[in-house]
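All remarks here apply to the structure that follows.
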Amino acid sequence: FFLLSGCIMDTFDFLADTCAAGQTLVRLVSRGNAILAELLRLSQNIPPVFKLSANPKENTGAPMAKYTNILFDFRYLKNTDLFEEKVEKNPTLRELDSEFREAHIDILKRFYLLFESIYKYVADYDRYIDDLKEGVFIQLTIDAVLLNSDGKQLMTEALYLFGVMLVLMDQLIEGTVRERLLISYLRYKDQSDTPLLANVCQLFSRTGFHPGQKAPNRYPVEYFKRYPLPNNVVTMIIGRLRTDDIYNQVRAYPRPEHRGAALSTQAAMLYIILYFAPDILEVEEATMREIVDKHFAENWIISYYLGYMTDLSATWSPYPA
């Protein structure tokens, strides 16, 4: 027998307490679900002031319009001194700024911790992949994890959850709002308290997407590229989803007409994960034909996460394959 960081090759219980690789991945996926729960909670509690239009004329009569002069987007980062001088030289703005900080610092901190937790999540997932490649988990490789029933489920779920975080972030907290939240927190906190701020800002700057409007060109592919994950690992995960019934549901749905229901969970995951591998969507027609015939032959309107729906005939229309 080969010892796999507490996992025995012949039995290979990936979820055993003694299997460091399995326990690390379980904790990561648990974190991902907790982050999504916090995202859904906070998206329902965005202070209305952060949703004000950037055009002052459109805010005429709005009770919080007076705060527009102290709310900045990422243009603030290009000329910080200019924006700060504008506030400091105006006594009225200084007083408003102090009042605004006292009223909103707690909720700003929660939003920042949400953004930062998503960045830390994907960074930890990327590090986990590197650890598998470098043999940190003795004798255990990415191939071995993806051949294990529990391992391939967790590897897939971890990647899928990050994709859902990105999609729901843009759906529920628009780019302009995110930038205002981040800059407000930056202004009121010491930069030494936010060492990952530059990474967080890069990940969550506006994408140009607005719910209910036509998506920008190559959206969300360009958005998903902001934190590139190893392409070979993404391809291997997609390969598992293409060929396997990773949740062993087909045995519960033996009739051919129920195949779509049996594979609906991994079909939703595949929809999200394909955006990490845009070449498949754009040029690999044979692969997409196989994916569609197996997972989407009966239904093109799918729920990709807890009731959030998409019509594949519309969202996939820009992709030739």
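Chain labels A, B, ... are given in the sequence in which chains occur in the structure tokens; within each chain residues are numbered consecutively from 1, and ligands are likewise numbered from 1 in the order shown.
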
Among segment 130-207 of chain A, which residues carry a DSSP assignment of alpha helix (DSSP H), reported as JSON, numbers by chain?
{"A": [130, 131, 132, 133, 134, 142, 143, 144, 145, 146, 147, 149, 150, 151, 152, 153, 154, 155, 156, 157, 158, 159, 160, 161, 162, 163, 164, 165, 166, 167, 168, 169, 170, 171, 172, 175, 176, 177, 178, 179, 180, 181, 182, 183, 184, 185, 186, 187, 188, 197, 198, 199, 200, 201, 202, 203, 204]}

Now that the selection is made, can you save its residues with C-alpha atoms as a PDB file, in the first residue's frame?
```pdb
ATOM      1  CA  ASP A 130      -0.055  23.830  -6.887  1.00  0.00           C
ATOM      2  CA  ASP A 131       0.354  21.690  -3.755  1.00  0.00           C
ATOM      3  CA  LEU A 132      -1.063  18.686  -5.619  1.00  0.00           C
ATOM      4  CA  LYS A 133       1.332  19.296  -8.509  1.00  0.00           C
ATOM      5  CA  GLU A 134       4.328  19.665  -6.212  1.00  0.00           C
ATOM      6  CA  ILE A 142      -4.511  15.853  -9.545  1.00  0.00           C
ATOM      7  CA  ASP A 143      -5.230  12.790 -11.687  1.00  0.00           C
ATOM      8  CA  ALA A 144      -5.708  10.636  -8.575  1.00  0.00           C
ATOM      9  CA  VAL A 145      -8.067  13.173  -7.004  1.00  0.00           C
ATOM     10  CA  LEU A 146     -10.166  13.434 -10.171  1.00  0.00           C
ATOM     11  CA  LEU A 147     -10.404   9.645 -10.428  1.00  0.00           C
ATOM     12  CA  SER A 149     -15.560   9.777  -6.551  1.00  0.00           C
ATOM     13  CA  ASP A 150     -15.441  12.329  -3.725  1.00  0.00           C
ATOM     14  CA  GLY A 151     -12.348  14.044  -5.066  1.00  0.00           C
ATOM     15  CA  LYS A 152     -13.782  14.874  -8.477  1.00  0.00           C
ATOM     16  CA  GLN A 153     -16.996  16.164  -6.896  1.00  0.00           C
ATOM     17  CA  LEU A 154     -15.102  18.521  -4.599  1.00  0.00           C
ATOM     18  CA  MET A 155     -12.601  19.711  -7.203  1.00  0.00           C
ATOM     19  CA  THR A 156     -15.485  20.503  -9.539  1.00  0.00           C
ATOM     20  CA  GLU A 157     -17.570  22.186  -6.856  1.00  0.00           C
ATOM     21  CA  ALA A 158     -14.668  24.375  -5.727  1.00  0.00           C
ATOM     22  CA  LEU A 159     -14.161  25.735  -9.259  1.00  0.00           C
ATOM     23  CA  TYR A 160     -17.897  26.046  -9.897  1.00  0.00           C
ATOM     24  CA  LEU A 161     -18.445  28.026  -6.679  1.00  0.00           C
ATOM     25  CA  PHE A 162     -15.823  30.582  -7.680  1.00  0.00           C
ATOM     26  CA  GLY A 163     -17.534  31.008 -11.051  1.00  0.00           C
ATOM     27  CA  VAL A 164     -20.902  31.494  -9.355  1.00  0.00           C
ATOM     28  CA  MET A 165     -19.371  34.101  -7.035  1.00  0.00           C
ATOM     29  CA  LEU A 166     -18.224  36.112 -10.050  1.00  0.00           C
ATOM     30  CA  VAL A 167     -21.536  35.817 -11.903  1.00  0.00           C
ATOM     31  CA  LEU A 168     -23.714  36.669  -8.902  1.00  0.00           C
ATOM     32  CA  MET A 169     -21.412  39.511  -7.879  1.00  0.00           C
ATOM     33  CA  ASP A 170     -22.046  41.218 -11.222  1.00  0.00           C
ATOM     34  CA  GLN A 171     -25.745  40.371 -11.126  1.00  0.00           C
ATOM     35  CA  LEU A 172     -26.405  41.598  -7.586  1.00  0.00           C
ATOM     36  CA  GLY A 175     -19.642  47.461 -10.939  1.00  0.00           C
ATOM     37  CA  THR A 176     -20.098  51.134 -10.053  1.00  0.00           C
ATOM     38  CA  VAL A 177     -21.493  50.211  -6.646  1.00  0.00           C
ATOM     39  CA  ARG A 178     -18.571  47.823  -5.986  1.00  0.00           C
ATOM     40  CA  GLU A 179     -16.047  50.509  -6.850  1.00  0.00           C
ATOM     41  CA  ARG A 180     -17.691  53.057  -4.575  1.00  0.00           C
ATOM     42  CA  LEU A 181     -17.827  50.584  -1.706  1.00  0.00           C
ATOM     43  CA  LEU A 182     -14.158  49.680  -2.107  1.00  0.00           C
ATOM     44  CA  ILE A 183     -12.914  53.271  -2.434  1.00  0.00           C
ATOM     45  CA  SER A 184     -14.987  54.413   0.542  1.00  0.00           C
ATOM     46  CA  TYR A 185     -13.486  51.657   2.680  1.00  0.00           C
ATOM     47  CA  LEU A 186      -9.993  52.494   1.398  1.00  0.00           C
ATOM     48  CA  ARG A 187     -10.389  56.164   2.342  1.00  0.00           C
ATOM     49  CA  TYR A 188     -11.522  55.392   5.870  1.00  0.00           C
ATOM     50  CA  LEU A 197      -6.752  45.803  -1.776  1.00  0.00           C
ATOM     51  CA  ALA A 198      -4.994  46.075  -5.152  1.00  0.00           C
ATOM     52  CA  ASN A 199      -5.786  42.426  -5.953  1.00  0.00           C
ATOM     53  CA  VAL A 200      -9.383  42.827  -4.814  1.00  0.00           C
ATOM     54  CA  CYS A 201      -9.843  45.986  -6.890  1.00  0.00           C
ATOM     55  CA  GLN A 202      -8.414  44.288  -9.964  1.00  0.00           C
ATOM     56  CA  LEU A 203     -10.811  41.359  -9.567  1.00  0.00           C
ATOM     57  CA  PHE A 204     -13.936  43.420  -8.914  1.00  0.00           C
TER      58      PHE A 204
END
```

One decimal place gives the atom CA of Trp316 of chain A-atom CA of Ile173 of chain A separation as 22.9 Å

As a PDB file with C-alpha atoms, in the first residue's frame, please: the residues near segment 309-312 of chain A (cut-off 12 Å, only C-alpha atoms, same-chain neighbours under 2 positions excluded).
```pdb
ATOM      1  CA  VAL A 164     -20.902  31.494  -9.355  1.00  0.00           C
ATOM      2  CA  VAL A 167     -21.536  35.817 -11.903  1.00  0.00           C
ATOM      3  CA  LEU A 168     -23.714  36.669  -8.902  1.00  0.00           C
ATOM      4  CA  GLN A 171     -25.745  40.371 -11.126  1.00  0.00           C
ATOM      5  CA  ALA A 267     -25.055  20.503 -16.230  1.00  0.00           C
ATOM      6  CA  ALA A 268     -25.395  23.730 -14.210  1.00  0.00           C
ATOM      7  CA  TYR A 271     -22.372  25.871 -17.790  1.00  0.00           C
ATOM      8  CA  ILE A 272     -20.392  27.993 -15.300  1.00  0.00           C
ATOM      9  CA  LEU A 281     -17.204  27.565 -26.398  1.00  0.00           C
ATOM     10  CA  VAL A 292     -25.123  19.685 -25.420  1.00  0.00           C
ATOM     11  CA  HIS A 295     -26.543  17.615 -20.709  1.00  0.00           C
ATOM     12  CA  PHE A 296     -28.797  20.093 -22.507  1.00  0.00           C
ATOM     13  CA  ALA A 297     -30.701  18.075 -25.096  1.00  0.00           C
ATOM     14  CA  GLU A 298     -34.028  18.539 -23.298  1.00  0.00           C
ATOM     15  CA  ASN A 299     -33.742  21.906 -21.615  1.00  0.00           C
ATOM     16  CA  TRP A 300     -31.981  25.138 -22.542  1.00  0.00           C
ATOM     17  CA  ILE A 301     -33.347  27.195 -19.656  1.00  0.00           C
ATOM     18  CA  ILE A 302     -31.435  26.111 -16.575  1.00  0.00           C
ATOM     19  CA  SER A 303     -30.987  27.124 -12.959  1.00  0.00           C
ATOM     20  CA  TYR A 304     -27.262  27.558 -12.342  1.00  0.00           C
ATOM     21  CA  TYR A 305     -27.569  28.408  -8.635  1.00  0.00           C
ATOM     22  CA  LEU A 306     -30.541  28.389  -6.237  1.00  0.00           C
ATOM     23  CA  GLY A 307     -33.139  29.722  -8.637  1.00  0.00           C
ATOM     24  CA  ALA A 314     -29.242  33.708 -25.500  1.00  0.00           C
ATOM     25  CA  THR A 315     -26.167  33.479 -23.274  1.00  0.00           C
ATOM     26  CA  TRP A 316     -24.314  31.133 -25.621  1.00  0.00           C
ATOM     27  CA  SER A 317     -25.332  32.924 -28.845  1.00  0.00           C
ATOM     28  CA  PRO A 318     -22.032  34.914 -29.091  1.00  0.00           C
ATOM     29  CA  TYR A 319     -19.979  31.694 -29.046  1.00  0.00           C
TER      30      TYR A 319
END
```

For Pro220 of chain A, please output as number ranges by chain all residues within 9 Å (counting only C-alpha atoms; exclusion window: fewer than 4 positions along the same chain).
A: 166-167, 207, 209, 215-216, 224-225, 275

Once you have the residues from the selection above, write them out as a PDB file, in the first residue's frame, restricted to N, CA and C atoms.
```
ATOM      1  N   LEU A 166     -18.453  35.041  -9.082  1.00  0.00           N
ATOM      2  CA  LEU A 166     -18.224  36.112 -10.050  1.00  0.00           C
ATOM      3  C   LEU A 166     -19.522  36.512 -10.747  1.00  0.00           C
ATOM      4  N   VAL A 167     -20.291  35.518 -11.178  1.00  0.00           N
ATOM      5  CA  VAL A 167     -21.536  35.817 -11.903  1.00  0.00           C
ATOM      6  C   VAL A 167     -22.528  36.548 -11.004  1.00  0.00           C
ATOM      7  N   THR A 207     -17.254  45.645 -14.971  1.00  0.00           N
ATOM      8  CA  THR A 207     -17.098  44.835 -16.182  1.00  0.00           C
ATOM      9  C   THR A 207     -17.825  45.430 -17.382  1.00  0.00           C
ATOM     10  N   PHE A 209     -21.073  45.200 -17.451  1.00  0.00           N
ATOM     11  CA  PHE A 209     -22.340  44.470 -17.462  1.00  0.00           C
ATOM     12  C   PHE A 209     -23.359  45.195 -16.603  1.00  0.00           C
ATOM     13  N   ALA A 215     -25.112  42.192 -22.784  1.00  0.00           N
ATOM     14  CA  ALA A 215     -23.810  41.986 -22.159  1.00  0.00           C
ATOM     15  C   ALA A 215     -22.697  42.523 -23.058  1.00  0.00           C
ATOM     16  N   PRO A 216     -21.592  43.009 -22.475  1.00  0.00           N
ATOM     17  CA  PRO A 216     -20.447  43.464 -23.282  1.00  0.00           C
ATOM     18  C   PRO A 216     -19.857  42.318 -24.098  1.00  0.00           C
ATOM     19  N   PHE A 224     -13.826  36.358 -16.157  1.00  0.00           N
ATOM     20  CA  PHE A 224     -13.298  35.140 -15.543  1.00  0.00           C
ATOM     21  C   PHE A 224     -11.777  35.040 -15.680  1.00  0.00           C
ATOM     22  N   LYS A 225     -11.204  35.755 -16.659  1.00  0.00           N
ATOM     23  CA  LYS A 225      -9.759  35.709 -16.861  1.00  0.00           C
ATOM     24  C   LYS A 225      -8.994  36.572 -15.856  1.00  0.00           C
ATOM     25  N   TYR A 275     -16.911  28.820 -18.894  1.00  0.00           N
ATOM     26  CA  TYR A 275     -16.395  30.178 -19.087  1.00  0.00           C
ATOM     27  C   TYR A 275     -14.926  30.296 -18.683  1.00  0.00           C
TER      28      TYR A 275
END
```
